[in-house]
Amino acid sequence: MDGIKGNRFAVFGRAGMDMFADPVGVKSEDAETFRADLGGSSANICAGLVKLGSQATLITSVSDDAVGRFCLNRLQHYGVDTQYIRVLGGEYRMSLAVYESRIENFQNVIYRNGAVDFQVTEEDMDKIDYSAFTAAISAGTVFAAEPSRSATFRAFDNARAAGLPVIFDIDYRPYSWPSPEVAADVLSRAGEASDLIVGNDEEFGFMAGGIEKGFEKAKELAKAPGRIVIYKMGEQGAVTLMDGEEIRTGIYPVTAVKPNGAGDSFMAGLLASIAAGHSLRDAVMRGSACASIVVSQPGCAPAMPTTPELDAFLASHPGPTT
């Protein structure tokens with residue numbers, strides 16, 4: 001918790017381009033106009049953190065082309081530090097997400113062929129000045145392929161040696177992995193190496209070998225002294241597990257225009273709120289409010305709230321579910 005309160009985050013994982021159909025409600029195949037902005041789980045977390053007053057540095061690789069430069073420009077637009085991003089030539093490419101602002105029959109088409117973010121190396125991780133940060137964050141996608149997998153485990157070791165807590169968003173995306181068995185093993189290893197773990201019921205269930213076993217898996221991980229585990233259950237809220245205590249919290253109902261981006265915004269809101277001095281329960285609730293704000297607007301990074309926007313939402317909303 002002290003590391004999170006330091007409010008200077010090193011974030012490992014991908015940046016990408018989001019293209020979302022405009023206006024709200026139109027299907028991608030029927031759209032004549034798409035809006036473009038920053039995407040990718042870790043980049044979204046960074047943008048969300050900075051908008052809420054935190055410092056965030058993204059560590060990744062981007063392609064030496066127009067899309068890579070677009071992503072760098074958007075990261076800088078949001079105030080994310082890009083000093084540890086390596087620009088890589090050749091045939092590696094940025095990830096691209098094409099989706100729509102609608103709930104019914106929502107479609108999100110992900111292009112991840114030859115993904116450049118998987119090319120981060122152990123050497124890249126050893127060049128980082130970990131003393132400049134107070135906490136490290138990783139999304140699970142980085143573990144799906146080499147050399148990024150070994151590089152991020154190296155970063156975890158380096159962060160721990162520097163006294164930084166490791167925060168892990170499970171973020172399981174089946175399309176990135178060679179097999180479910182490999183994913184379950186590697187993500188479990190990453191969880192064991194982390195101090196704060198955030199995932200949904202399906203992700204914990206996947207790691208445990210069945211969704212009905214997910215909560216037990218979360219409780220097992222939370223047995224480590226000082227470790228915090230947040231078990232998200234969608235509309236049913238979340239359970240925060242720490243030192244044998246279970247904190248159950250609800251959500252802030254909104255009229256959603258899309259389902260994606262909620263997890264990234266939750267993470268940013270949670271961590272920025274802890275850093276701002278809120279209790280763990282209140283920080284979880286503020287993270288939930290951030291998630292509700294993002295699903296009620298088009299896009300992901302552009303929909304992330306600022307602190308005044310978050311406070312205004314909380315002041316005007318009837319309140320969370322129980």
# chains A, B, ... in the order shown; residues from 1 in each chain; ligands from 1

call {"tool": "residues_around", "arguments": {"residues": "A:Tyr92", "least_positions_apart": "2", "cutoff": "6 Å", "atoms": "only C-alpha atoms", "output": "PyMOL selection string"}}
result
chain A and resi 90+114-116

call {"tool": "write_last_selection", "arguments": {"atoms": "all heavy atoms", "output": "PDB file, in the first residue's frame"}}
result
ATOM      1  N   GLY A  90      11.134  -3.413 -38.988  1.00  0.00           N
ATOM      2  CA  GLY A  90      10.806  -4.746 -39.495  1.00  0.00           C
ATOM      3  C   GLY A  90       9.317  -4.939 -39.688  1.00  0.00           C
ATOM      4  O   GLY A  90       8.562  -3.986 -39.879  1.00  0.00           O
ATOM      5  N   GLY A 114       1.900 -10.816 -35.492  1.00  0.00           N
ATOM      6  CA  GLY A 114       3.229 -10.223 -35.417  1.00  0.00           C
ATOM      7  C   GLY A 114       3.300  -9.057 -34.447  1.00  0.00           C
ATOM      8  O   GLY A 114       3.940  -8.035 -34.735  1.00  0.00           O
ATOM      9  N   ALA A 115       2.676  -9.208 -33.295  1.00  0.00           N
ATOM     10  CA  ALA A 115       2.533  -8.096 -32.346  1.00  0.00           C
ATOM     11  C   ALA A 115       3.889  -7.599 -31.851  1.00  0.00           C
ATOM     12  O   ALA A 115       4.697  -8.369 -31.321  1.00  0.00           O
ATOM     13  CB  ALA A 115       1.663  -8.522 -31.176  1.00  0.00           C
ATOM     14  N   VAL A 116       4.115  -6.303 -31.994  1.00  0.00           N
ATOM     15  CA  VAL A 116       5.412  -5.732 -31.637  1.00  0.00           C
ATOM     16  C   VAL A 116       5.626  -5.712 -30.126  1.00  0.00           C
ATOM     17  O   VAL A 116       6.776  -5.797 -29.664  1.00  0.00           O
ATOM     18  CB  VAL A 116       5.548  -4.312 -32.236  1.00  0.00           C
ATOM     19  CG1 VAL A 116       4.569  -3.340 -31.583  1.00  0.00           C
ATOM     20  CG2 VAL A 116       6.980  -3.806 -32.122  1.00  0.00           C
TER      21      VAL A 116
END

call {"tool": "select_by_dssp", "arguments": {"residues": "stretch 67-216 of chain A", "states": "helix (DSSP H, G or I)", "output": "VMD selection string"}}
result
chain A and resid 67 to 77 116 to 119 122 to 126 130 to 132 140 to 144 148 to 161 174 to 176 180 to 192 201 to 208 211 to 216

call {"tool": "closest_residue", "arguments": {"among": "A:Ser148, A:Thr134, A:Asn7, A:Asn113", "to": "A:Ser61", "atoms": "only C-alpha atoms"}}
result
A:Ser148

call {"tool": "residues_around", "arguments": {"residues": "A:Gly299", "least_positions_apart": "3", "cutoff": "9 Å", "atoms": "only C-alpha atoms", "output": "VMD selection string"}}
result
chain A and resid 18 to 20 35 to 39 100 to 101 258 260 to 261 294 to 295 302 to 304

call {"tool": "write_last_selection", "arguments": {"atoms": "N, CA and C atoms", "output": "mmCIF file, in the first residue's frame"}}
result
data_model
loop_
_atom_site.group_PDB
_atom_site.id
_atom_site.type_symbol
_atom_site.label_atom_id
_atom_site.label_comp_id
_atom_site.auth_asym_id
_atom_site.auth_seq_id
_atom_site.Cartn_x
_atom_site.Cartn_y
_atom_site.Cartn_z
ATOM 1 N N ASP A 18 -7.132 1.919 -31.157
ATOM 2 C CA ASP A 18 -8.554 1.586 -31.147
ATOM 3 C C ASP A 18 -9.235 2.331 -32.282
ATOM 4 N N MET A 19 -10.069 1.627 -33.038
ATOM 5 C CA MET A 19 -10.948 2.267 -34.015
ATOM 6 C C MET A 19 -12.378 1.868 -33.658
ATOM 7 N N PHE A 20 -13.214 2.855 -33.331
ATOM 8 C CA PHE A 20 -14.572 2.530 -32.917
ATOM 9 C C PHE A 20 -15.583 3.266 -33.790
ATOM 10 N N ARG A 35 -13.793 6.501 -35.351
ATOM 11 C CA ARG A 35 -12.900 7.359 -34.583
ATOM 12 C C ARG A 35 -11.694 6.538 -34.149
ATOM 13 N N ALA A 36 -10.546 7.164 -34.083
ATOM 14 C CA ALA A 36 -9.321 6.475 -33.676
ATOM 15 C C ALA A 36 -8.765 7.106 -32.412
ATOM 16 N N ASP A 37 -8.246 6.265 -31.511
ATOM 17 C CA ASP A 37 -7.586 6.766 -30.315
ATOM 18 C C ASP A 37 -6.677 5.680 -29.772
ATOM 19 N N LEU A 38 -6.042 5.981 -28.660
ATOM 20 C CA LEU A 38 -5.167 5.038 -27.989
ATOM 21 C C LEU A 38 -5.951 3.836 -27.490
ATOM 22 N N GLY A 39 -5.335 2.655 -27.539
ATOM 23 C CA GLY A 39 -5.926 1.445 -27.001
ATOM 24 C C GLY A 39 -4.846 0.565 -26.397
ATOM 25 N N GLU A 100 -17.366 -1.308 -31.624
ATOM 26 C CA GLU A 100 -18.530 -0.442 -31.790
ATOM 27 C C GLU A 100 -19.103 -0.055 -30.438
ATOM 28 N N SER A 101 -19.854 1.026 -30.423
ATOM 29 C CA SER A 101 -20.482 1.512 -29.190
ATOM 30 C C SER A 101 -21.920 1.016 -29.143
ATOM 31 N N LYS A 258 -21.224 0.300 -24.326
ATOM 32 C CA LYS A 258 -20.283 -0.737 -24.751
ATOM 33 C C LYS A 258 -19.801 -1.472 -23.507
ATOM 34 N N ASN A 260 -16.502 -2.824 -23.130
ATOM 35 C CA ASN A 260 -15.044 -2.892 -22.972
ATOM 36 C C ASN A 260 -14.477 -1.615 -22.355
ATOM 37 N N GLY A 261 -13.279 -1.757 -21.779
ATOM 38 C CA GLY A 261 -12.603 -0.640 -21.139
ATOM 39 C C GLY A 261 -12.834 -0.546 -19.647
ATOM 40 N N VAL A 294 -16.663 4.745 -17.992
ATOM 41 C CA VAL A 294 -16.071 4.372 -19.278
ATOM 42 C C VAL A 294 -17.053 3.582 -20.145
ATOM 43 N N VAL A 295 -17.823 2.680 -19.556
ATOM 44 C CA VAL A 295 -18.750 1.905 -20.389
ATOM 45 C C VAL A 295 -19.937 2.742 -20.858
ATOM 46 N N PRO A 302 -10.102 7.868 -24.211
ATOM 47 C CA PRO A 302 -10.753 9.182 -24.121
ATOM 48 C C PRO A 302 -11.900 9.226 -23.116
ATOM 49 N N ALA A 303 -12.437 8.058 -22.754
ATOM 50 C CA ALA A 303 -13.554 8.014 -21.803
ATOM 51 C C ALA A 303 -13.100 7.958 -20.354
ATOM 52 N N MET A 304 -11.805 7.727 -20.113
ATOM 53 C CA MET A 304 -11.309 7.673 -18.743
ATOM 54 C C MET A 304 -11.557 9.010 -18.050
#

call {"tool": "atom_distance", "arguments": {"atom1": "atom CA of A:Arg112", "atom2": "atom CA of A:Leu187"}}
result
19.4 Å

call {"tool": "residues_around", "arguments": {"residues": "A:Asp201", "least_positions_apart": "6", "cutoff": "6 Å", "atoms": "only C-alpha atoms", "output": "number ranges by chain"}}
result
A: 214, 232-233

call {"tool": "write_last_selection", "arguments": {"atoms": "all heavy atoms", "output": "PDB file, in the first residue's frame"}}
result
ATOM      1  N   GLY A 214     -13.206 -20.598  -9.041  1.00  0.00           N
ATOM      2  CA  GLY A 214     -12.500 -19.328  -9.124  1.00  0.00           C
ATOM      3  C   GLY A 214     -12.361 -18.607  -7.800  1.00  0.00           C
ATOM      4  O   GLY A 214     -11.289 -18.078  -7.473  1.00  0.00           O
ATOM      5  N   LYS A 232     -13.593  -9.746  -9.180  1.00  0.00           N
ATOM      6  CA  LYS A 232     -14.680  -8.984  -9.785  1.00  0.00           C
ATOM      7  C   LYS A 232     -15.738  -9.925 -10.358  1.00  0.00           C
ATOM      8  O   LYS A 232     -15.401 -10.947 -10.950  1.00  0.00           O
ATOM      9  CB  LYS A 232     -14.145  -8.066 -10.884  1.00  0.00           C
ATOM     10  CG  LYS A 232     -13.135  -7.033 -10.373  1.00  0.00           C
ATOM     11  CD  LYS A 232     -12.716  -6.068 -11.474  1.00  0.00           C
ATOM     12  CE  LYS A 232     -11.968  -6.766 -12.592  1.00  0.00           C
ATOM     13  NZ  LYS A 232     -11.507  -5.825 -13.629  1.00  0.00           N
ATOM     14  N   MET A 233     -17.002  -9.516 -10.199  1.00  0.00           N
ATOM     15  CA  MET A 233     -18.115 -10.369 -10.632  1.00  0.00           C
ATOM     16  C   MET A 233     -19.110  -9.604 -11.499  1.00  0.00           C
ATOM     17  O   MET A 233     -20.304  -9.846 -11.451  1.00  0.00           O
ATOM     18  CB  MET A 233     -18.824 -10.946  -9.403  1.00  0.00           C
ATOM     19  CG  MET A 233     -17.934 -11.761  -8.487  1.00  0.00           C
ATOM     20  SD  MET A 233     -18.769 -12.331  -6.980  1.00  0.00           S
ATOM     21  CE  MET A 233     -18.998 -10.760  -6.125  1.00  0.00           C
TER      22      MET A 233
END

call {"tool": "residues_around", "arguments": {"residues": "stretch 241-246 of chain A", "least_positions_apart": "2", "cutoff": "12 Å", "atoms": "only C-alpha atoms", "output": "PyMOL selection string"}}
result
chain A and resi 1+195-198+215-232+238-239+248-249+280-281+284

call {"tool": "residues_around", "arguments": {"residues": "A:Ala145", "least_positions_apart": "3", "cutoff": "10 Å", "atoms": "only C-alpha atoms", "output": "number ranges by chain"}}
result
A: 115, 117-119, 141-142, 148-150, 176-178, 183

call {"tool": "residues_around", "arguments": {"residues": "A:Phe106", "least_positions_apart": "4", "cutoff": "12 Å", "atoms": "only C-alpha atoms", "output": "PyMOL selection string"}}
result
chain A and resi 20-21+24-29+98-102+256-260

call {"tool": "write_last_selection", "arguments": {"atoms": "C-alpha atoms", "output": "compact mmCIF listing (two decimals), in the first residue's frame"}}
result
# COMPACT_ATOMS: atom_id res chain seq x y z
CA PHE A 20 -14.57 2.53 -32.92
CA ALA A 21 -17.60 3.00 -35.12
CA VAL A 24 -23.13 5.30 -31.04
CA GLY A 25 -25.21 2.26 -31.93
CA VAL A 26 -23.99 1.66 -35.48
CA LYS A 27 -22.45 -1.76 -36.23
CA SER A 28 -18.90 -1.86 -37.52
CA GLU A 29 -19.90 -3.41 -40.83
CA VAL A 98 -12.03 -2.43 -34.20
CA TYR A 99 -15.23 -2.23 -32.18
CA GLU A 100 -18.53 -0.44 -31.79
CA SER A 101 -20.48 1.51 -29.19
CA ARG A 102 -23.37 -0.88 -28.62
CA ALA A 256 -23.84 1.36 -20.98
CA VAL A 257 -23.01 1.94 -24.63
CA LYS A 258 -20.28 -0.74 -24.75
CA PRO A 259 -18.80 -3.42 -22.47
CA ASN A 260 -15.04 -2.89 -22.97

call {"tool": "decode", "arguments": {"residues": "stretch 108-139 of chain A", "atoms": "N, CA, C and O atoms", "output": "mmCIF file, in the first residue's frame"}}
result
data_model
loop_
_atom_site.group_PDB
_atom_site.id
_atom_site.type_symbol
_atom_site.label_atom_id
_atom_site.label_comp_id
_atom_site.auth_asym_id
_atom_site.auth_seq_id
_atom_site.Cartn_x
_atom_site.Cartn_y
_atom_site.Cartn_z
ATOM 1 N N ASN A 108 -15.946 -6.908 -31.176
ATOM 2 C CA ASN A 108 -14.620 -6.323 -31.006
ATOM 3 C C ASN A 108 -13.641 -7.208 -31.762
ATOM 4 O O ASN A 108 -13.371 -8.340 -31.353
ATOM 5 N N VAL A 109 -13.135 -6.722 -32.877
ATOM 6 C CA VAL A 109 -12.235 -7.492 -33.723
ATOM 7 C C VAL A 109 -10.807 -7.068 -33.400
ATOM 8 O O VAL A 109 -10.447 -5.893 -33.542
ATOM 9 N N ILE A 110 -9.982 -8.018 -32.931
ATOM 10 C CA ILE A 110 -8.620 -7.729 -32.507
ATOM 11 C C ILE A 110 -7.621 -8.267 -33.527
ATOM 12 O O ILE A 110 -7.674 -9.438 -33.892
ATOM 13 N N TYR A 111 -6.709 -7.395 -33.960
ATOM 14 C CA TYR A 111 -5.628 -7.806 -34.857
ATOM 15 C C TYR A 111 -4.338 -7.841 -34.043
ATOM 16 O O TYR A 111 -3.883 -6.816 -33.531
ATOM 17 N N ARG A 112 -3.742 -9.051 -33.921
ATOM 18 C CA ARG A 112 -2.542 -9.224 -33.095
ATOM 19 C C ARG A 112 -1.467 -10.012 -33.848
ATOM 20 O O ARG A 112 -0.595 -10.604 -33.227
ATOM 21 N N ASN A 113 -1.497 -10.031 -35.169
ATOM 22 C CA ASN A 113 -0.502 -10.780 -35.935
ATOM 23 C C ASN A 113 0.852 -10.082 -35.863
ATOM 24 O O ASN A 113 0.959 -8.889 -36.146
ATOM 25 N N GLY A 114 1.900 -10.816 -35.492
ATOM 26 C CA GLY A 114 3.229 -10.223 -35.417
ATOM 27 C C GLY A 114 3.300 -9.057 -34.447
ATOM 28 O O GLY A 114 3.940 -8.035 -34.735
ATOM 29 N N ALA A 115 2.676 -9.208 -33.295
ATOM 30 C CA ALA A 115 2.533 -8.096 -32.346
ATOM 31 C C ALA A 115 3.889 -7.599 -31.851
ATOM 32 O O ALA A 115 4.697 -8.369 -31.321
ATOM 33 N N VAL A 116 4.115 -6.303 -31.994
ATOM 34 C CA VAL A 116 5.412 -5.732 -31.637
ATOM 35 C C VAL A 116 5.626 -5.712 -30.126
ATOM 36 O O VAL A 116 6.776 -5.797 -29.664
ATOM 37 N N ASP A 117 4.574 -5.633 -29.348
ATOM 38 C CA ASP A 117 4.741 -5.541 -27.893
ATOM 39 C C ASP A 117 5.295 -6.832 -27.294
ATOM 40 O O ASP A 117 5.833 -6.815 -26.181
ATOM 41 N N PHE A 118 5.170 -7.958 -28.017
ATOM 42 C CA PHE A 118 5.757 -9.208 -27.529
ATOM 43 C C PHE A 118 7.280 -9.237 -27.679
ATOM 44 O O PHE A 118 7.924 -10.195 -27.243
ATOM 45 N N GLN A 119 7.847 -8.207 -28.300
ATOM 46 C CA GLN A 119 9.297 -8.208 -28.564
ATOM 47 C C GLN A 119 10.110 -7.507 -27.470
ATOM 48 O O GLN A 119 11.314 -7.304 -27.630
ATOM 49 N N VAL A 120 9.486 -7.135 -26.375
ATOM 50 C CA VAL A 120 10.221 -6.568 -25.246
ATOM 51 C C VAL A 120 11.164 -7.645 -24.688
ATOM 52 O O VAL A 120 10.785 -8.811 -24.558
ATOM 53 N N THR A 121 12.379 -7.252 -24.347
ATOM 54 C CA THR A 121 13.401 -8.218 -23.928
ATOM 55 C C THR A 121 13.829 -7.999 -22.480
ATOM 56 O O THR A 121 13.547 -6.962 -21.876
ATOM 57 N N GLU A 122 14.555 -8.983 -21.944
ATOM 58 C CA GLU A 122 15.120 -8.837 -20.602
ATOM 59 C C GLU A 122 16.088 -7.656 -20.551
ATOM 60 O O GLU A 122 16.170 -6.951 -19.540
ATOM 61 N N GLU A 123 16.812 -7.435 -21.636
ATOM 62 C CA GLU A 123 17.722 -6.289 -21.692
ATOM 63 C C GLU A 123 16.952 -4.979 -21.545
ATOM 64 O O GLU A 123 17.392 -4.052 -20.847
ATOM 65 N N ASP A 124 15.796 -4.891 -22.194
ATOM 66 C CA ASP A 124 14.949 -3.699 -22.044
ATOM 67 C C ASP A 124 14.582 -3.480 -20.581
ATOM 68 O O ASP A 124 14.610 -2.357 -20.068
ATOM 69 N N MET A 125 14.248 -4.561 -19.898
ATOM 70 C CA MET A 125 13.817 -4.455 -18.502
ATOM 71 C C MET A 125 14.968 -4.089 -17.570
ATOM 72 O O MET A 125 14.759 -3.442 -16.542
ATOM 73 N N ASP A 126 16.170 -4.482 -17.936
ATOM 74 C CA ASP A 126 17.330 -4.172 -17.098
ATOM 75 C C ASP A 126 17.781 -2.718 -17.249
ATOM 76 O O ASP A 126 18.561 -2.221 -16.426
ATOM 77 N N LYS A 127 17.321 -2.034 -18.290
ATOM 78 C CA LYS A 127 17.698 -0.637 -18.506
ATOM 79 C C LYS A 127 16.865 0.343 -17.684
ATOM 80 O O LYS A 127 17.170 1.532 -17.626
ATOM 81 N N ILE A 128 15.812 -0.160 -17.051
ATOM 82 C CA ILE A 128 14.889 0.708 -16.323
ATOM 83 C C ILE A 128 15.480 1.135 -14.982
ATOM 84 O O ILE A 128 16.074 0.321 -14.273
ATOM 85 N N ASP A 129 15.300 2.390 -14.630
ATOM 86 C CA ASP A 129 15.681 2.888 -13.305
ATOM 87 C C ASP A 129 14.483 2.675 -12.371
ATOM 88 O O ASP A 129 13.600 3.527 -12.267
ATOM 89 N N TYR A 130 14.455 1.541 -11.709
ATOM 90 C CA TYR A 130 13.309 1.194 -10.869
ATOM 91 C C TYR A 130 13.184 2.106 -9.659
ATOM 92 O O TYR A 130 12.092 2.249 -9.094
ATOM 93 N N SER A 131 14.278 2.773 -9.279
ATOM 94 C CA SER A 131 14.212 3.675 -8.129
ATOM 95 C C SER A 131 13.359 4.910 -8.420
ATOM 96 O O SER A 131 12.981 5.636 -7.492
ATOM 97 N N ALA A 132 13.038 5.151 -9.693
ATOM 98 C CA ALA A 132 12.205 6.299 -10.052
ATOM 99 C C ALA A 132 10.723 6.032 -9.822
ATOM 100 O O ALA A 132 9.906 6.952 -9.936
ATOM 101 N N PHE A 133 10.384 4.773 -9.477
ATOM 102 C CA PHE A 133 8.978 4.394 -9.334
ATOM 103 C C PHE A 133 8.694 3.891 -7.922
ATOM 104 O O PHE A 133 9.610 3.545 -7.173
ATOM 105 N N THR A 134 7.410 3.851 -7.587
ATOM 106 C CA THR A 134 7.018 3.327 -6.281
ATOM 107 C C THR A 134 6.174 2.062 -6.382
ATOM 108 O O THR A 134 5.912 1.419 -5.369
ATOM 109 N N ALA A 135 5.732 1.702 -7.582
ATOM 110 C CA ALA A 135 4.961 0.468 -7.792
ATOM 111 C C ALA A 135 5.051 0.068 -9.251
ATOM 112 O O ALA A 135 5.254 0.921 -10.128
ATOM 113 N N ALA A 136 4.893 -1.235 -9.511
ATOM 114 C CA ALA A 136 4.927 -1.766 -10.869
ATOM 115 C C ALA A 136 3.599 -2.444 -11.182
ATOM 116 O O ALA A 136 3.020 -3.113 -10.326
ATOM 117 N N ILE A 137 3.121 -2.264 -12.413
ATOM 118 C CA ILE A 137 1.838 -2.827 -12.854
ATOM 119 C C ILE A 137 2.065 -3.621 -14.126
ATOM 120 O O ILE A 137 2.806 -3.190 -15.015
ATOM 121 N N SER A 138 1.396 -4.769 -14.227
ATOM 122 C CA SER A 138 1.433 -5.523 -15.475
ATOM 123 C C SER A 138 0.061 -6.099 -15.792
ATOM 124 O O SER A 138 -0.651 -6.550 -14.894
ATOM 125 N N ALA A 139 -0.297 -6.072 -17.058
ATOM 126 C CA ALA A 139 -1.470 -6.796 -17.534
ATOM 127 C C ALA A 139 -1.020 -8.168 -18.037
ATOM 128 O O ALA A 139 0.114 -8.338 -18.498
#
